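What follows is run-v9.cif (mmCIF, C-alpha atoms and all ligand atoms).
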```cif
data_data
#
loop_
_atom_site.label_atom_id
_atom_site.label_comp_id
_atom_site.auth_asym_id
_atom_site.auth_seq_id
_atom_site.Cartn_x
_atom_site.Cartn_y
_atom_site.Cartn_z
CA MET A 1 0.00 0.00 0.00
CA ALA A 2 1.30 3.45 -0.85
CA ALA A 3 2.24 5.60 2.12
CA LYS A 4 -0.39 8.06 3.31
CA ARG A 5 0.73 11.62 2.62
CA LEU A 6 0.39 14.08 5.48
CA ALA A 7 0.36 17.79 6.19
CA ILE A 8 0.71 18.62 9.89
CA LEU A 9 -0.42 22.08 10.87
CA GLY A 10 0.88 22.99 14.32
CA SER A 11 3.71 20.44 14.07
CA THR A 12 5.79 21.76 16.98
CA GLY A 13 2.94 21.71 19.52
CA SER A 14 1.84 18.86 21.75
CA ILE A 15 -0.40 17.07 19.21
CA GLY A 16 1.98 17.87 16.33
CA THR A 17 5.00 16.29 18.01
CA GLN A 18 2.97 13.25 19.07
CA THR A 19 1.72 12.90 15.48
CA LEU A 20 5.34 12.81 14.37
CA ASP A 21 5.98 10.11 17.02
CA VAL A 22 3.29 8.02 15.33
CA VAL A 23 4.85 8.70 11.90
CA ARG A 24 8.28 7.77 13.25
CA SER A 25 6.99 4.43 14.52
CA HIS A 26 5.38 3.55 11.14
CA PRO A 27 7.74 4.90 8.48
CA GLU A 28 6.24 2.53 5.91
CA LEU A 29 2.72 3.93 6.40
CA PHE A 30 3.25 7.69 6.24
CA ARG A 31 5.10 10.37 4.43
CA VAL A 32 5.16 13.98 5.62
CA ASP A 33 4.82 16.49 2.79
CA ALA A 34 4.11 19.66 4.73
CA LEU A 35 4.81 20.93 8.24
CA ALA A 36 3.60 24.21 9.70
CA ALA A 37 4.28 26.00 12.98
CA ASN A 38 3.65 29.47 14.34
CA THR A 39 6.95 30.77 15.66
CA SER A 40 9.15 27.84 16.75
CA ASP A 41 11.76 28.02 13.99
CA GLU A 42 14.37 25.87 15.76
CA ALA A 43 11.98 23.03 16.55
CA LEU A 44 10.62 23.18 13.00
CA GLU A 45 14.14 23.05 11.57
CA ARG A 46 14.85 19.83 13.50
CA GLN A 47 11.62 18.33 12.14
CA ILE A 48 12.55 19.36 8.60
CA GLU A 49 15.90 17.63 8.98
CA GLU A 50 14.26 14.43 10.17
CA PHE A 51 11.18 14.25 7.92
CA HIS A 52 12.26 16.16 4.77
CA PRO A 53 8.87 17.66 3.85
CA ALA A 54 8.48 19.41 0.51
CA VAL A 55 7.27 22.57 2.27
CA ALA A 56 7.57 23.94 5.79
CA VAL A 57 5.72 27.00 7.04
CA LEU A 58 6.29 29.47 9.85
CA VAL A 59 3.24 31.68 10.18
CA ASP A 60 5.31 34.33 11.94
CA GLU A 61 7.33 36.30 9.32
CA ASN A 62 10.25 37.03 11.66
CA ALA A 63 10.59 33.38 12.58
CA ALA A 64 10.48 32.46 8.89
CA ALA A 65 13.16 35.03 8.10
CA ARG A 66 15.41 33.56 10.83
CA LEU A 67 15.02 30.06 9.42
CA ARG A 68 15.53 31.11 5.79
CA GLU A 69 18.77 32.81 6.77
CA ARG A 70 20.41 29.66 8.09
CA TYR A 71 18.61 26.83 6.27
CA ARG A 72 20.35 25.35 3.21
CA GLY A 73 18.32 22.20 2.48
CA ASN A 74 15.73 21.33 -0.16
CA THR A 75 12.53 22.04 1.77
CA GLU A 76 10.77 25.18 0.61
CA ILE A 77 10.29 27.58 3.55
CA LEU A 78 7.01 29.51 3.38
CA SER A 79 5.48 32.04 5.74
CA GLY A 80 2.29 33.79 6.80
CA GLU A 81 -1.33 32.84 6.21
CA ALA A 82 -0.62 32.18 2.54
CA GLY A 83 2.05 29.66 3.50
CA LEU A 84 -0.34 27.94 5.87
CA ARG A 85 -2.92 27.70 3.05
CA THR A 86 -0.32 26.16 0.75
CA ALA A 87 0.48 23.51 3.37
CA ALA A 88 -3.23 22.82 3.98
CA THR A 89 -3.95 22.32 0.28
CA PHE A 90 -0.66 20.79 -0.89
CA ASP A 91 -1.32 18.62 -3.96
CA GLU A 92 0.09 15.25 -2.91
CA VAL A 93 -1.36 15.37 0.61
CA ASP A 94 -4.19 12.97 1.54
CA THR A 95 -4.74 13.93 5.18
CA VAL A 96 -4.29 17.25 6.96
CA VAL A 97 -3.71 17.06 10.72
CA THR A 98 -5.13 20.28 12.15
CA SER A 99 -3.35 20.71 15.46
CA MET A 100 -2.94 24.47 15.66
CA VAL A 101 -4.49 26.26 18.63
CA GLY A 102 -7.73 28.24 18.57
CA PHE A 103 -9.71 30.23 15.99
CA ALA A 104 -6.57 30.47 13.83
CA GLY A 105 -7.24 26.87 12.80
CA LEU A 106 -10.48 27.69 11.00
CA ALA A 107 -9.23 29.28 7.75
CA PRO A 108 -6.64 26.58 6.91
CA THR A 109 -9.18 23.84 7.75
CA LEU A 110 -11.73 25.36 5.38
CA ALA A 111 -9.02 25.60 2.70
CA ALA A 112 -8.12 21.92 3.22
CA LEU A 113 -11.78 20.89 2.96
CA LYS A 114 -12.21 22.85 -0.27
CA ALA A 115 -9.17 21.00 -1.61
CA ARG A 116 -10.88 17.71 -0.63
CA LYS A 117 -8.33 16.69 1.98
CA THR A 118 -9.30 14.27 4.74
CA ILE A 119 -9.14 16.14 8.04
CA ALA A 120 -7.64 14.61 11.17
CA LEU A 121 -9.22 17.16 13.46
CA ALA A 122 -7.30 18.13 16.57
CA ASN A 123 -8.33 21.79 16.44
CA LYS A 124 -11.74 21.52 18.14
CA GLU A 125 -12.24 25.29 17.99
CA THR A 126 -12.87 24.89 14.25
CA LEU A 127 -16.07 22.94 14.90
CA VAL A 128 -17.02 25.07 17.90
CA VAL A 129 -16.99 28.36 16.03
CA ALA A 130 -18.07 27.15 12.60
CA GLY A 131 -19.68 23.74 13.07
CA LYS A 132 -22.44 24.32 10.56
CA LEU A 133 -20.18 25.79 7.90
CA VAL A 134 -17.47 23.15 8.31
CA THR A 135 -19.74 20.08 8.39
CA ALA A 136 -21.76 21.36 5.41
CA LEU A 137 -18.58 21.94 3.40
CA ALA A 138 -17.23 18.49 4.32
CA LYS A 139 -20.50 16.94 3.17
CA GLU A 140 -20.55 18.93 -0.07
CA LYS A 141 -16.97 17.90 -0.87
CA GLY A 142 -17.44 14.30 0.29
CA VAL A 143 -14.59 14.64 2.77
CA SER A 144 -14.22 12.87 6.13
CA ILE A 145 -13.48 14.68 9.36
CA LEU A 146 -11.79 12.17 11.66
CA PRO A 147 -11.57 13.18 15.31
CA VAL A 148 -8.24 13.28 17.11
CA ASP A 149 -9.71 14.56 20.37
CA SER A 150 -9.59 11.52 22.68
CA GLU A 151 -13.26 11.71 23.72
CA HIS A 152 -14.49 12.08 20.16
CA CYS A 153 -12.21 9.34 18.93
CA ALA A 154 -13.71 7.14 21.66
CA LEU A 155 -17.25 8.00 20.52
CA PHE A 156 -16.23 7.34 16.93
CA GLN A 157 -14.92 3.89 17.88
CA CYS A 158 -18.09 3.11 19.87
CA LEU A 159 -20.23 4.14 16.89
CA GLN A 160 -18.53 1.85 14.35
CA GLY A 161 -21.10 -0.36 12.67
CA GLU A 162 -24.03 1.18 14.57
CA ARG A 163 -27.00 2.96 13.08
CA ARG A 164 -27.08 6.63 14.11
CA ASP A 165 -30.83 6.57 14.82
CA THR A 166 -30.26 3.99 17.56
CA VAL A 167 -28.06 6.34 19.59
CA GLU A 168 -29.77 7.57 22.74
CA ARG A 169 -26.99 9.47 24.52
CA LEU A 170 -23.37 10.46 24.14
CA ILE A 171 -21.52 10.51 27.45
CA LEU A 172 -18.31 12.50 27.34
CA THR A 173 -15.93 11.79 30.17
CA ALA A 174 -13.92 14.56 31.83
CA SER A 175 -10.98 14.18 34.20
CA GLY A 176 -12.30 17.14 36.17
CA GLY A 177 -8.87 18.78 35.90
CA PRO A 178 -6.55 19.83 38.74
CA PHE A 179 -9.27 21.68 40.71
CA ARG A 180 -11.94 18.99 40.90
CA GLY A 181 -13.82 19.26 44.21
CA LYS A 182 -12.68 22.83 44.92
CA THR A 183 -15.15 25.51 45.98
CA THR A 184 -15.56 28.92 44.38
CA GLU A 185 -13.87 30.43 47.44
CA GLU A 186 -10.85 28.16 46.99
CA LEU A 187 -10.67 28.89 43.26
CA LYS A 188 -10.23 32.62 43.90
CA SER A 189 -6.60 32.16 44.85
CA VAL A 190 -5.40 29.41 42.46
CA THR A 191 -2.34 30.27 40.37
CA VAL A 192 -1.30 29.64 36.78
CA GLU A 193 1.17 27.04 38.07
CA ASP A 194 -1.56 25.15 39.96
CA CYS A 195 -3.62 25.24 36.81
CA LEU A 196 -0.91 23.81 34.57
CA ARG A 197 -0.46 20.74 36.77
CA HIS A 198 -3.02 18.50 35.06
CA PRO A 199 -3.51 15.18 36.88
CA THR A 200 -3.73 12.78 33.92
CA TRP A 201 -2.99 14.43 30.57
CA SER A 202 0.10 16.26 29.36
CA MET A 203 -1.04 18.95 26.89
CA GLY A 204 -0.40 22.48 25.63
CA LYS A 205 -0.99 25.45 27.98
CA LYS A 206 -4.22 26.77 26.50
CA ILE A 207 -6.04 23.44 26.61
CA THR A 208 -4.70 22.71 30.09
CA VAL A 209 -6.29 25.91 31.40
CA ASP A 210 -9.47 25.02 29.48
CA SER A 211 -9.48 21.64 31.21
CA ALA A 212 -9.25 23.28 34.61
CA THR A 213 -12.16 25.66 33.87
CA LEU A 214 -14.18 22.85 32.19
CA VAL A 215 -14.46 25.17 29.19
CA ASN A 216 -12.59 22.44 27.30
CA LYS A 217 -15.36 19.97 28.08
CA GLY A 218 -17.90 22.55 26.97
CA LEU A 219 -16.07 23.02 23.67
CA GLU A 220 -16.04 19.23 23.34
CA VAL A 221 -19.81 19.03 23.86
CA ILE A 222 -20.23 21.45 20.94
CA GLU A 223 -17.65 19.51 18.91
CA ALA A 224 -19.55 16.24 19.56
CA HIS A 225 -22.84 17.88 18.55
CA TRP A 226 -21.43 18.75 15.13
CA LEU A 227 -19.39 15.60 14.57
CA TYR A 228 -22.21 13.18 15.37
CA ASP A 229 -25.30 15.29 14.72
CA VAL A 230 -26.73 14.63 18.20
CA PRO A 231 -28.83 17.31 19.97
CA TYR A 232 -27.41 18.93 23.11
CA GLU A 233 -30.10 17.32 25.26
CA LYS A 234 -28.58 13.96 24.44
CA ILE A 235 -24.98 14.88 25.24
CA GLU A 236 -23.90 14.42 28.85
CA VAL A 237 -20.67 14.91 30.72
CA ALA A 238 -19.49 12.54 33.45
CA VAL A 239 -16.45 13.35 35.56
CA HIS A 240 -14.11 10.36 35.54
CA PRO A 241 -10.85 11.30 37.30
CA GLN A 242 -8.84 8.27 36.14
CA SER A 243 -9.14 9.17 32.41
CA ILE A 244 -9.35 5.50 31.43
CA VAL A 245 -12.85 5.48 29.91
CA HIS A 246 -12.46 8.03 27.13
CA SER A 247 -16.21 8.38 26.42
CA MET A 248 -19.33 6.27 25.98
CA VAL A 249 -22.37 5.86 23.76
CA GLU A 250 -25.71 4.65 25.07
CA PHE A 251 -28.04 2.99 22.56
CA ARG A 252 -31.82 2.70 22.59
CA ASP A 253 -31.75 -0.80 24.09
CA GLY A 254 -29.80 0.56 27.08
CA ALA A 255 -26.47 -0.94 26.02
CA VAL A 256 -23.51 1.33 26.70
CA MET A 257 -20.37 1.07 24.60
CA ALA A 258 -17.18 2.55 26.03
CA GLN A 259 -13.62 2.83 24.78
CA LEU A 260 -10.92 2.32 27.39
CA GLY A 261 -7.21 2.90 27.28
CA LEU A 262 -4.35 4.60 29.06
CA PRO A 263 -4.38 8.39 28.61
CA ASP A 264 -2.01 8.67 25.65
CA MET A 265 -2.92 10.95 22.75
CA ARG A 266 -0.88 8.90 20.30
CA LEU A 267 -3.64 6.29 20.27
CA PRO A 268 -6.43 8.58 18.96
CA ILE A 269 -3.93 10.28 16.62
CA GLN A 270 -2.89 6.94 15.13
CA TYR A 271 -6.49 5.75 14.82
CA ALA A 272 -7.42 8.91 12.92
CA LEU A 273 -4.45 8.44 10.60
CA THR A 274 -4.92 4.72 9.92
CA TYR A 275 -8.75 4.46 10.06
CA PRO A 276 -10.45 2.13 9.24
CA VAL A 277 -7.45 -0.09 9.95
CA ARG A 278 -6.16 -0.56 13.49
CA GLU A 279 -2.37 -0.64 13.28
CA SER A 280 -0.04 -2.06 15.92
CA ALA A 281 1.49 0.24 18.53
CA ASP A 282 3.83 -0.06 21.47
CA PHE A 283 1.86 2.33 23.68
CA GLY A 284 1.41 1.29 27.32
CA ARG A 285 -1.17 -1.39 28.07
CA MET A 286 -3.98 -1.55 30.60
CA ASP A 287 -3.35 -4.01 33.44
CA PHE A 288 -6.56 -5.48 34.79
CA MET A 289 -4.68 -7.77 37.17
CA THR A 290 -3.81 -4.92 39.51
CA ARG A 291 -6.46 -3.25 41.61
CA MET A 292 -8.01 -0.34 39.77
CA ASN A 293 -11.05 1.74 40.53
CA LEU A 294 -12.97 3.59 37.88
CA SER A 295 -15.28 6.24 39.30
CA PHE A 296 -17.87 8.55 37.78
CA GLU A 297 -19.60 11.62 39.18
CA PRO A 298 -21.65 14.52 37.85
CA PRO A 299 -19.76 17.70 36.93
CA ASP A 300 -20.05 20.68 39.29
CA MET A 301 -21.41 23.14 36.75
CA LYS A 302 -22.25 25.78 39.36
CA THR A 303 -18.64 26.17 40.41
CA PHE A 304 -17.08 25.35 37.04
CA ARG A 305 -19.40 27.57 35.04
CA GLY A 306 -17.46 27.13 31.82
CA LEU A 307 -19.35 23.97 30.99
CA ALA A 308 -22.78 25.52 31.59
CA LEU A 309 -21.86 28.58 29.51
CA ALA A 310 -20.78 26.34 26.63
CA TYR A 311 -24.04 24.38 26.72
CA GLU A 312 -25.96 27.68 26.57
CA ALA A 313 -23.87 29.02 23.71
CA GLY A 314 -24.12 25.73 21.86
CA LYS A 315 -27.89 25.57 22.17
CA ALA A 316 -28.24 29.21 21.10
CA GLY A 317 -26.14 28.40 18.01
CA GLY A 318 -25.34 31.04 15.37
CA THR A 319 -22.38 33.19 16.41
CA MET A 320 -22.70 32.47 20.15
CA PRO A 321 -20.20 29.57 20.27
CA CYS A 322 -17.76 31.70 18.28
CA VAL A 323 -18.09 34.50 20.87
CA LEU A 324 -17.69 32.02 23.73
CA ASN A 325 -14.52 30.75 22.09
CA GLY A 326 -13.04 34.16 21.25
CA ALA A 327 -13.72 35.54 24.72
CA ASN A 328 -12.24 32.40 26.27
CA GLU A 329 -9.09 32.55 24.15
CA GLU A 330 -8.54 36.18 25.14
CA ALA A 331 -9.30 35.55 28.81
CA VAL A 332 -7.04 32.48 29.00
CA ALA A 333 -4.18 34.49 27.48
CA ALA A 334 -4.73 37.19 30.13
CA PHE A 335 -4.84 34.54 32.87
CA LEU A 336 -1.61 32.93 31.62
CA ALA A 337 -0.01 36.40 31.58
CA GLY A 338 -0.97 36.85 35.21
CA ARG A 339 -3.37 39.71 34.47
CA ILE A 340 -6.57 38.14 35.80
CA GLY A 341 -7.60 35.44 38.25
CA PHE A 342 -8.96 32.01 37.41
CA LEU A 343 -12.64 32.85 38.03
CA ASP A 344 -12.37 36.03 35.96
CA ILE A 345 -12.21 33.79 32.89
CA TYR A 346 -15.88 32.92 33.46
CA ASP A 347 -16.85 36.57 33.90
CA CYS A 348 -15.15 37.51 30.65
CA ILE A 349 -17.00 34.80 28.73
CA GLU A 350 -20.35 35.49 30.35
CA LYS A 351 -20.19 39.25 29.77
CA ALA A 352 -19.10 38.79 26.17
CA LEU A 353 -22.02 36.41 25.51
CA ASP A 354 -24.47 38.79 27.22
CA ALA A 355 -23.29 41.74 25.14
CA HIS A 356 -23.46 39.86 21.84
CA GLU A 357 -26.35 39.99 19.44
CA ASN A 358 -26.61 36.51 17.94
CA VAL A 359 -26.44 36.07 14.16
CA ALA A 360 -28.01 32.85 12.86
CA ALA A 361 -26.25 30.83 10.12
CA PRO A 362 -23.14 33.06 9.99
CA SER A 363 -20.74 33.19 7.03
CA PHE A 364 -16.98 32.88 7.49
CA GLU A 365 -16.69 36.69 7.41
CA THR A 366 -19.40 37.09 10.06
CA LEU A 367 -17.59 34.57 12.25
CA CYS A 368 -14.31 36.48 11.86
CA GLU A 369 -16.11 39.66 12.92
CA ALA A 370 -17.78 37.98 15.90
CA ASP A 371 -14.44 36.54 16.99
CA ALA A 372 -12.69 39.91 16.68
CA HIS A 373 -15.50 41.67 18.55
CA ALA A 374 -15.45 39.15 21.39
CA ARG A 375 -11.70 39.59 21.79
CA ALA A 376 -11.89 43.37 21.68
CA PHE A 377 -14.74 43.27 24.17
CA VAL A 378 -12.70 41.21 26.65
CA ARG A 379 -9.60 43.38 26.17
CA LYS A 380 -11.70 46.45 26.96
CA LEU A 381 -13.11 44.79 30.09
CA LEU A 382 -9.57 44.06 31.22
CA ASP A 383 -8.29 47.56 30.43
CA ASN A 384 -11.16 49.12 32.37
CA LYS A 385 -10.61 46.56 35.15
CA GLU A 386 -14.25 45.50 34.96
CA VAL A 387 -13.43 41.91 35.86
MG MG A 401 -10.38 15.97 24.75
#
```

The structure given in the file should be rewritten as structure tokens.
Ligand code: MG
Amino acid sequence: MAAKRLAILGSTGSIGTQTLDVVRSHPELFRVDALAANTSDEALERQIEEFHPAVAVLVDENAAARLRERYRGNTEILSGEAGLRTAATFDEVDTVVTSMVGFAGLAPTLAALKARKTIALANKETLVVAGKLVTALAKEKGVSILPVDSEHCALFQCLQGERRDTVERLILTASGGPFRGKTTEELKSVTVEDCLRHPTWSMGKKITVDSATLVNKGLEVIEAHWLYDVPYEKIEVAVHPQSIVHSMVEFRDGAVMAQLGLPDMRLPIQYALTYPVRESADFGRMDFMTRMNLSFEPPDMKTFRGLALAYEAGKAGGTMPCVLNGANEEAVAAFLAGRIGFLDIYDCIEKALDAHENVAAPSFETLCEADAHARAFVRKLLDNKEV
């Protein structure tokens, strides 16, 4: 079988580097044609030397200039949004791994869909802000969107061979993050460092904060809604601190299918890249011969309001999820910079949603405007110290 040709957008980040781990362990299955990163020119250069892609992109022009100055190999070094589009639509590529962070992932994903590339979707924000647009385009072009997110990959595995109209409930599991069980009072004084100490998963900074606020789980509820066309009323979240059950599907006869595994993102990444085939892997194995407890509990949506806000925005539809996402991205950046406290993230999102006038069935341009407005709104709140 000919090797599958890949473009990896966000190749120096957590998902990107783990995708390259998968590629490294199956050199006969994959070939990397395009790599793209934001600013990490040194890490990208090392990847170029190992994987020899035809093109490599640094979105940041200064970073690209630094790399061009010292690089003497055969890979073409591109830059900016145009470079990212070239990588996303590169002729020989079969599958585009979208592992960049945030709203910035939307435009290249749309470009890849238009070019009829299979999407291995790690950038959940794409479906959160533009679920309708993206799923309609994928359908029109006859392109598959394969989930890399561990919960969605679990759902996808549980749904194999099942009729969609027999699905009664999707149950997304959540680790609960580092602050599970804490009260609002206790959350007032948590630091960025506390927040970045995730109990079960090792991930990038933005998603780690999102996990602590439960905004991540909220974004995943919206992502699941669009991926599997299931109404919000039938999507539940169960806190499962061990992160062994990655999600579950309940069917109309009451049967529940679950996918279990150690928390290792390389498994969902590899499944998305090799689907429908399950390839071998040397990832760690579950050991059922040692005592292990799996526990489940309802999420505390009153304290961790991020999840409730995401359900509201998701149900409202239109531009609301885009505003939720934009306000969250801006607030998380301010939190990571030490400008605001943990709970202020919720205030930023809530105020941005309250101030927004929803637009139904938004175009790409309308979404860009809504995103920019939400960010500007949060920046103004912060400048005026209103949170
Ligand atoms: Mg996830």

Revision key, fill the gap. Residue with the minimum atom-to-atom distance to ligand MG 401 (chain A), picked from A:Ser280, A:Thr319, A:Asn328, A:Ser175 with all atoms listed in the file counted, is A:Ser175

Exercise for review: Please provide the set of residues having any atom within 7 Å of stretch 226-238 of chain A, restricted to all atoms listed in the file, with same-chain residues fewer than 3 positions apart removed, written as a list in words.
Suggested key: Leu127, Gly131, Glu168, Arg169, Leu170, Ile171, Leu172, Thr173, Ala174, Val221, Ile222, Glu223, Phe296, Glu297, Pro298, Pro299 and Lys315 of chain A

Output C-alpha atoms for every residue in the selection just made, as a PDB file, keeping the file's coordinate frame.
```
ATOM      1  CA  LEU A 127     -16.070  22.940  14.900  1.00  0.00           C
ATOM      2  CA  GLY A 131     -19.680  23.740  13.070  1.00  0.00           C
ATOM      3  CA  GLU A 168     -29.770   7.570  22.740  1.00  0.00           C
ATOM      4  CA  ARG A 169     -26.990   9.470  24.520  1.00  0.00           C
ATOM      5  CA  LEU A 170     -23.370  10.460  24.140  1.00  0.00           C
ATOM      6  CA  ILE A 171     -21.520  10.510  27.450  1.00  0.00           C
ATOM      7  CA  LEU A 172     -18.310  12.500  27.340  1.00  0.00           C
ATOM      8  CA  THR A 173     -15.930  11.790  30.170  1.00  0.00           C
ATOM      9  CA  ALA A 174     -13.920  14.560  31.830  1.00  0.00           C
ATOM     10  CA  VAL A 221     -19.810  19.030  23.860  1.00  0.00           C
ATOM     11  CA  ILE A 222     -20.230  21.450  20.940  1.00  0.00           C
ATOM     12  CA  GLU A 223     -17.650  19.510  18.910  1.00  0.00           C
ATOM     13  CA  PHE A 296     -17.870   8.550  37.780  1.00  0.00           C
ATOM     14  CA  GLU A 297     -19.600  11.620  39.180  1.00  0.00           C
ATOM     15  CA  PRO A 298     -21.650  14.520  37.850  1.00  0.00           C
ATOM     16  CA  PRO A 299     -19.760  17.700  36.930  1.00  0.00           C
ATOM     17  CA  LYS A 315     -27.890  25.570  22.170  1.00  0.00           C
TER      18      LYS A 315
END
```

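Nearest-residue note for A:Met286: choosing from A:Ile8, A:Val96, A:Ala360, A:Leu260, the minimum distance belongs to A:Leu260, counting all atoms listed in the file.
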
Check your understanding: Using only C-alpha atoms, which residues sit within 6 Å of stretch 205-220 of chain A once same-chain residues fewer than 6 positions away are excluded, as a VMD selection string?
Key -> chain A and resid 177 196 304 306 to 307 310

Review point. Which polymer residues have any atom within 10 Å of an atom of A:Ala154, counting all atoms listed in the file, with same-chain residues fewer than 4 positions away left out, as an MDAnalysis selection string?
Key: chainID A and resid 147:150 158:159 172:173 245:249 257:261 268

Write the selection just made, keeping C-alpha atoms, as a JSON list (two decimals), in the coordinates of the input?
```
[["chain", "number", "residue", "atom", "x", "y", "z"],
["A", 147, "PRO", "CA", -11.57, 13.18, 15.31],
["A", 148, "VAL", "CA", -8.24, 13.28, 17.11],
["A", 149, "ASP", "CA", -9.71, 14.56, 20.37],
["A", 150, "SER", "CA", -9.59, 11.52, 22.68],
["A", 158, "CYS", "CA", -18.09, 3.11, 19.87],
["A", 159, "LEU", "CA", -20.23, 4.14, 16.89],
["A", 172, "LEU", "CA", -18.31, 12.50, 27.34],
["A", 173, "THR", "CA", -15.93, 11.79, 30.17],
["A", 245, "VAL", "CA", -12.85, 5.48, 29.91],
["A", 246, "HIS", "CA", -12.46, 8.03, 27.13],
["A", 247, "SER", "CA", -16.21, 8.38, 26.42],
["A", 248, "MET", "CA", -19.33, 6.27, 25.98],
["A", 249, "VAL", "CA", -22.37, 5.86, 23.76],
["A", 257, "MET", "CA", -20.37, 1.07, 24.60],
["A", 258, "ALA", "CA", -17.18, 2.55, 26.03],
["A", 259, "GLN", "CA", -13.62, 2.83, 24.78],
["A", 260, "LEU", "CA", -10.92, 2.32, 27.39],
["A", 261, "GLY", "CA", -7.21, 2.90, 27.28],
["A", 268, "PRO", "CA", -6.43, 8.58, 18.96]]
```

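Distance check against ligand MG 401 (chain A) using only C-alpha atoms and all ligand atoms: of A:Met289, A:Ala224, A:Val57, A:Ala352, the minimum falls on A:Ala224.
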
Review point. Can you tell me how far atom CA of A:Asp165 sits from atom CA of A:Ser144, in Å to one decimal?
Key: 19.8 Å
